[in-house]
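Beneath this line is the structure, given in structure tokens, with notes to follow.
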Amino acid sequence: KAIYDGFYTDNFSSTVLLALLDSISSSSENEKNKACAASIKDQITMLLPGYPPPGFELLDKDNKLVSLEDFANRYVYLCFCNSFSYTCRMDLELLRGLNSRHRDHLTIITIITDGEHSILEELVSSNNYDWLFLHIGRQPDVLMDYQARVQPSYFLIGKDGKLIQSPAPGPG
């Protein structure tokens with residue numbers, strides 16, 4: 001717990017604390033200490049740039065299951081959005097332009113957090129959005145995994161599958 005707490009202060013080097021956790025999880029003779037150190041490292045690095053983001057498997061507008069792993073070797077601009085939010089609606093229009101200019105090397109994924117999948121279907125079809133929209137219904141914990149308490153929230157993931165910016169700036 002002290003290592004976890006120390007990571008979020010300026011009193012200790014985060015690099016040294018991560019190395020300490022690696023050392024404990026790989027060389028401790030106590031299995032509980034190994035598991036605890038690995039768990040703490042996972043919690044600390046979950047949304048840090050340079051580390052893999054939490055995975056997900058969500059349904060698209062056609063009820064096809066889509067995984068973050070499906071976009072290996074692509075840049076991914078991940079957006080959490082609620083269709084009732086004015087800011088989200090404005091950002092969706094900006095994402096339309098971003099998608100048309102950069103679709104060759106950037107995949108935009110918008111995760112709709114509204115309650116019903118039908119809202120996603122209506123939103124996409126009525127606005128002719130032509131990038132990937134997913135619905136959170138199958139895996140609602142993904143909001144907690146990404147700590148997306150505010151919407152819209154954005155994340156930029158590199159071709160190597162690791163976070164580049166977390167959170168990332170919005171399209172504006």
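Residue names in the structure tokens use chain letters A, B, ... in the order shown, residue numbers from 1 in each chain, and ligand numbers from 1 in the order shown.
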Please report as CSV every residue of segment 37-82 of chain A lying within 12 Å of segment 4-14 of chain A, along with the nearest atom pair and their distance in Å (one decimal), using only C-alpha atoms.
residue,atom,partner,partner_atom,distance
A:Ala37,CA,A:Tyr4,CA,9.4
A:Ala38,CA,A:Tyr4,CA,11.4
A:Ser39,CA,A:Tyr4,CA,10.3
A:Ile40,CA,A:Tyr4,CA,6.5
A:Lys41,CA,A:Tyr4,CA,8.2
A:Asp42,CA,A:Tyr4,CA,10.7
A:Gln43,CA,A:Tyr4,CA,8.7
A:Ile44,CA,A:Tyr4,CA,7.2
A:Thr45,CA,A:Phe7,CA,10.3
A:Leu48,CA,A:Ser14,CA,11.3
Store the residues picked out above, limited to N, CA and C atoms, as a CSV table (one decimal), in the first residue's frame.
chain,number,residue,atom,x,y,z
A,37,ALA,N,2.0,-7.4,-5.6
A,37,ALA,CA,2.9,-6.5,-6.3
A,37,ALA,C,2.4,-6.4,-7.8
A,38,ALA,N,2.1,-7.5,-8.4
A,38,ALA,CA,1.6,-7.5,-9.8
A,38,ALA,C,0.3,-6.7,-9.9
A,39,SER,N,-0.6,-6.9,-8.9
A,39,SER,CA,-1.9,-6.2,-8.9
A,39,SER,C,-1.7,-4.7,-8.7
A,40,ILE,N,-0.8,-4.3,-7.9
A,40,ILE,CA,-0.6,-2.9,-7.6
A,40,ILE,C,0.0,-2.2,-8.9
A,41,LYS,N,0.9,-3.0,-9.6
A,41,LYS,CA,1.5,-2.4,-10.8
A,41,LYS,C,0.5,-2.3,-11.9
A,42,ASP,N,-0.4,-3.3,-12.0
A,42,ASP,CA,-1.5,-3.2,-13.0
A,42,ASP,C,-2.4,-2.0,-12.7
A,43,GLN,N,-2.7,-1.7,-11.4
A,43,GLN,CA,-3.6,-0.6,-11.1
A,43,GLN,C,-2.9,0.7,-11.4
A,44,ILE,N,-1.6,0.8,-11.1
A,44,ILE,CA,-0.9,2.1,-11.3
A,44,ILE,C,-0.7,2.4,-12.7
A,45,THR,N,-0.4,1.4,-13.5
A,45,THR,CA,0.0,1.6,-14.9
A,45,THR,C,-1.2,1.5,-15.9
A,48,LEU,N,-1.5,4.8,-17.8
A,48,LEU,CA,-0.3,5.6,-18.0
A,48,LEU,C,0.2,5.5,-19.4
Kindly provide the residues of segment 136-167 of chain A that approach segment 86-89 of chain A to within 10 Å, each paired with its closest atom pair and their distance in Å to one decimal, based on only C-alpha atoms, listed by chain and increasing number, as a Markdown table.
| residue | atom | partner | partner_atom | distance |
| --- | --- | --- | --- | --- |
| A:Gln151 | CA | A:Cys88 | CA | 7.0 |
| A:Pro152 | CA | A:Cys88 | CA | 5.6 |
| A:Ser153 | CA | A:Cys88 | CA | 9.2 |
Go through segment 24-93 of chain A residue by residue and, counting only C-alpha atoms, keep those with an atom at most 6 Å from segment 131-141 of chain A; for each kept residue give the shortest atom pair and its distance in Å to one decimal, ordered by chain and increasing number, as a tab-separated table.
residue	atom	partner	partner_atom	distance
A:Leu58	CA	A:Arg138	CA	5.9
A:Leu59	CA	A:Leu134	CA	5.5
A:Asp60	CA	A:Leu134	CA	4.4
How far is it from atom CA of Asn73 of chain A to atom CA of Gly172 of chain A, in Å with one decimal?
25.3 Å
Give me the residues near Ile3 of chain A as a list in words, where near means some atom within 9 Å (using only C-alpha atoms) and where sequence neighbours in that chain fewer than 6 positions away do not count.
Leu17, Leu18, Leu20, Leu21 and Ile40 of chain A
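The shortest atom-to-atom distance to Lys159 of chain A, with only C-alpha atoms taken into account, belongs to A:Leu68 out of A:Cys36, A:Leu95, A:Leu68, A:Met46.
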Could you name the residues that touch Gly55 of chain A at 12 Å or less, counting only C-alpha atoms, but leaving out those on the same chain fewer than 3 positions away, as an mmCIF file with N, CA, C and O atoms, in the first residue's frame?
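Now in out_26.cif:
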data_model
loop_
_atom_site.group_PDB
_atom_site.id
_atom_site.type_symbol
_atom_site.label_atom_id
_atom_site.label_comp_id
_atom_site.auth_asym_id
_atom_site.auth_seq_id
_atom_site.Cartn_x
_atom_site.Cartn_y
_atom_site.Cartn_z
ATOM 1 N N MET A 46 -2.406 1.215 -15.346
ATOM 2 C CA MET A 46 -3.572 0.961 -16.186
ATOM 3 C C MET A 46 -3.806 2.044 -17.232
ATOM 4 O O MET A 46 -4.122 1.761 -18.366
ATOM 5 N N LEU A 47 -3.633 3.286 -16.897
ATOM 6 C CA LEU A 47 -3.893 4.370 -17.850
ATOM 7 C C LEU A 47 -2.682 5.263 -18.075
ATOM 8 O O LEU A 47 -2.830 6.388 -18.553
ATOM 9 N N TYR A 51 1.883 2.236 -21.550
ATOM 10 C CA TYR A 51 1.355 0.956 -21.097
ATOM 11 C C TYR A 51 0.077 0.625 -21.867
ATOM 12 O O TYR A 51 -0.616 1.522 -22.337
ATOM 13 N N PRO A 52 -0.229 -0.669 -21.977
ATOM 14 C CA PRO A 52 -1.453 -1.044 -22.697
ATOM 15 C C PRO A 52 -2.705 -0.567 -21.955
ATOM 16 O O PRO A 52 -2.759 -0.637 -20.732
ATOM 17 N N LEU A 58 -17.060 -5.008 -27.226
ATOM 18 C CA LEU A 58 -18.356 -4.340 -27.239
ATOM 19 C C LEU A 58 -19.037 -4.551 -28.584
ATOM 20 O O LEU A 58 -18.381 -4.877 -29.579
ATOM 21 N N VAL A 66 -16.790 -6.359 -31.220
ATOM 22 C CA VAL A 66 -15.539 -5.701 -31.609
ATOM 23 C C VAL A 66 -14.646 -5.603 -30.378
ATOM 24 O O VAL A 66 -15.090 -5.227 -29.297
ATOM 25 N N SER A 67 -13.389 -5.926 -30.558
ATOM 26 C CA SER A 67 -12.407 -5.877 -29.479
ATOM 27 C C SER A 67 -11.352 -4.820 -29.791
ATOM 28 O O SER A 67 -11.041 -4.574 -30.960
ATOM 29 N N LEU A 68 -10.795 -4.223 -28.756
ATOM 30 C CA LEU A 68 -9.705 -3.270 -28.961
ATOM 31 C C LEU A 68 -8.530 -3.947 -29.666
ATOM 32 O O LEU A 68 -7.838 -3.324 -30.470
ATOM 33 N N GLU A 69 -8.333 -5.217 -29.407
ATOM 34 C CA GLU A 69 -7.242 -5.971 -30.044
ATOM 35 C C GLU A 69 -7.391 -6.054 -31.562
ATOM 36 O O GLU A 69 -6.418 -6.317 -32.265
ATOM 37 N N ASP A 70 -8.598 -5.826 -32.056
ATOM 38 C CA ASP A 70 -8.831 -5.867 -33.503
ATOM 39 C C ASP A 70 -8.089 -4.751 -34.242
ATOM 40 O O ASP A 70 -8.017 -4.772 -35.474
ATOM 41 N N PHE A 71 -7.542 -3.788 -33.511
ATOM 42 C CA PHE A 71 -6.945 -2.612 -34.138
ATOM 43 C C PHE A 71 -5.435 -2.543 -33.913
ATOM 44 O O PHE A 71 -4.859 -1.461 -33.898
ATOM 45 N N ALA A 72 -4.823 -3.707 -33.779
ATOM 46 C CA ALA A 72 -3.368 -3.767 -33.662
ATOM 47 C C ALA A 72 -2.754 -3.136 -34.906
ATOM 48 O O ALA A 72 -3.302 -3.241 -36.013
ATOM 49 N N LEU A 78 -9.832 6.934 -29.103
ATOM 50 C CA LEU A 78 -10.964 6.360 -28.390
ATOM 51 C C LEU A 78 -11.731 7.454 -27.674
ATOM 52 O O LEU A 78 -11.147 8.263 -26.959
ATOM 53 N N GLN A 139 -20.326 -4.403 -21.585
ATOM 54 C CA GLN A 139 -19.208 -4.327 -20.644
ATOM 55 C C GLN A 139 -19.198 -2.957 -19.964
ATOM 56 O O GLN A 139 -18.306 -2.152 -20.207
ATOM 57 N N ASP A 141 -18.308 -1.947 -17.160
ATOM 58 C CA ASP A 141 -17.135 -1.655 -16.335
ATOM 59 C C ASP A 141 -16.031 -0.949 -17.101
ATOM 60 O O ASP A 141 -15.093 -0.424 -16.508
ATOM 61 N N VAL A 142 -16.126 -0.923 -18.437
ATOM 62 C CA VAL A 142 -15.094 -0.247 -19.227
ATOM 63 C C VAL A 142 -15.027 1.242 -18.872
ATOM 64 O O VAL A 142 -13.954 1.853 -18.931
ATOM 65 N N LEU A 143 -16.136 1.822 -18.452
ATOM 66 C CA LEU A 143 -16.121 3.225 -18.005
ATOM 67 C C LEU A 143 -15.227 3.385 -16.783
ATOM 68 O O LEU A 143 -14.452 4.338 -16.684
ATOM 69 N N ASP A 145 -12.846 1.243 -15.909
ATOM 70 C CA ASP A 145 -11.485 0.877 -16.312
ATOM 71 C C ASP A 145 -10.735 2.070 -16.889
ATOM 72 O O ASP A 145 -9.543 2.238 -16.660
ATOM 73 N N TYR A 146 -11.440 2.896 -17.662
ATOM 74 C CA TYR A 146 -10.830 4.073 -18.276
ATOM 75 C C TYR A 146 -11.020 5.342 -17.434
ATOM 76 O O TYR A 146 -10.610 6.419 -17.854
ATOM 77 N N ILE A 157 -4.223 5.817 -28.596
ATOM 78 C CA ILE A 157 -3.495 4.553 -28.484
ATOM 79 C C ILE A 157 -2.625 4.402 -29.722
ATOM 80 O O ILE A 157 -3.078 4.629 -30.852
ATOM 81 N N GLY A 161 -0.161 -0.655 -29.527
ATOM 82 C CA GLY A 161 -1.190 -1.038 -28.570
ATOM 83 C C GLY A 161 -1.035 -0.404 -27.205
ATOM 84 O O GLY A 161 -1.711 -0.788 -26.256
ATOM 85 N N LYS A 162 -0.159 0.599 -27.108
ATOM 86 C CA LYS A 162 0.064 1.272 -25.820
ATOM 87 C C LYS A 162 -0.471 2.697 -25.870
ATOM 88 O O LYS A 162 -0.517 3.310 -26.947
ATOM 89 N N LEU A 163 -0.869 3.179 -24.718
ATOM 90 C CA LEU A 163 -1.395 4.533 -24.642
ATOM 91 C C LEU A 163 -0.327 5.559 -24.998
ATOM 92 O O LEU A 163 0.814 5.466 -24.533
#
